[in-house]
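First comes the structure, then the notes that go with it.
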Amino acid sequence: MDPIKNQISAIDPLTIEPVAEPNGEEALHKILSGTTVFSDNRPLAAVTSLEQRRRRKVQIAGGLLLGAAAVTAGVLVASSFETVSSNPMPAVTLPTSTPTPSVSVTPTPTPTATPSVTPSATPTATSTPTPTPPAPTTPPAVASAPVVPPVQAPTAQTYTFPDGHLSFTYPVGWSIRADQGPFDPPGTAEASRIVTVFDAAGAEVARVFNGNYADGTGGIVDRTILDRAVVPGVRDTAGNQVEFGFSVNYAMNYDYNSENGGMPTASGRSDSPPFYVMDVRLPSELQAGVSSSGINQVRVPNGIMSAYAVFDPAKQPAFATPEAAKAWMGSTQYAQLKSMLLSLSYK
């Protein structure tokens, strides 16, 4: 074998030639007795040491392993491609192949290179396309039947005086009794009526008068007004407004002395219990503080009108204290009486 073949054969990692075990005695004999022959065919610069040959073999083996890994990766990538389909497929993330070369080299007289390639591919979870819901459809408008409000049960009834001028409303369940009222001059009796109002229990709670007759007296009182409101349906013959009022009144003591010309002069509240008034009158007859007790007679075109609540005559006073009277103002009966008096209407 010529020197060139010897060199190629020496670096080929796949060729393993048996190496004869050197004979030490024979080698020593050749050194001591043999003739040394030098040749220019193999210059010293071309001679490769054993260590360099081993290093060279390791480099070549590494290169071969890298090449094998590259080829394997190419095959895996090529096999992942499929024929394009006319139907779109869900998006898929191609697996990534990570070759891990493992080289085991044993520095022995007989080097052995064992390439091991372990590609690992971890596919990424595929995403499922979400279907788009269909757009909501608006149903055609259906003509609805007209809504008929429920029939409300009447809560009040109306009484009108015989001549048709004066009227008022009162709660359902209450009752009235119309009687002949006082009249003057003769011949006016038909136009004079006094109407008594009874609650659901049959107790007298109010009176309303209309006719050509009037009388009454008054005095000085100390008045506290608890409630008042305008009666919109009635004005007197002078065009003045009429008011509803609820008040507590204290009678006054009187002094008769010559310095006042013999006329009585109020000198403080008397010891008598207060009296309570709920009626309809002119504002001038409903003054707070020390003033005239006034009258509840209102002059209208056909005569006189008066309307007032009737408290239980067995109770004197009607309420134990003004505070009790104020508490009664929150009751249903108070609201019904006030509504009835405010409903008075003269036409």
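Starting from 1 in every chain, residues are counted up; chains themselves are A, B, ... following the order of the structure tokens, and ligands are numbered from 1 as listed.
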
Find the residues around Arg223 (chain A) up to 12 Å (only C-alpha atoms counted), leave out those fewer than 3 positions away in its own chain, and share them as a PyMOL selection string. chain A and resi 219-220+226-227+245-252+269+274-277+285-294+322

With only C-alpha atoms as the counted atoms, please give the residues lying no more than 12 Å from region 191-204 of chain A, apart from itself and same-chain residues fewer than 3 positions off, as number ranges by chain. A: 158-188, 207-214, 302-313, 332-334, 336-337, 340-341

Kindly indicate which residue among A:Val230, A:Trp328, A:Leu342, A:Asp222 lies nearest to Ser267 (chain A), using only C-alpha atoms for the distances. A:Asp222

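Taking CA of Arg53 (chain A) and CA of Glu26 (chain A) as the two end points, the separation is 26.3 Å.
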
Between CA of Gln297 (chain A) and CA of Arg281 (chain A), distance in Å (one decimal):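 Computing it gives 6.5 Å between the two atoms.
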
Top pick for closest residue to Asp236 (chain A), considering A:Gly218, A:Pro317, A:Pro301, A:Pro273 and counting only C-alpha atoms: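 Among the listed residues, the smallest separation from Asp236 (chain A) belongs to A:Pro301.
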
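The gap separating CA of Glu259 (chain A) from CA of Asp271 (chain A) is 25.1 Å, in Å to one decimal.
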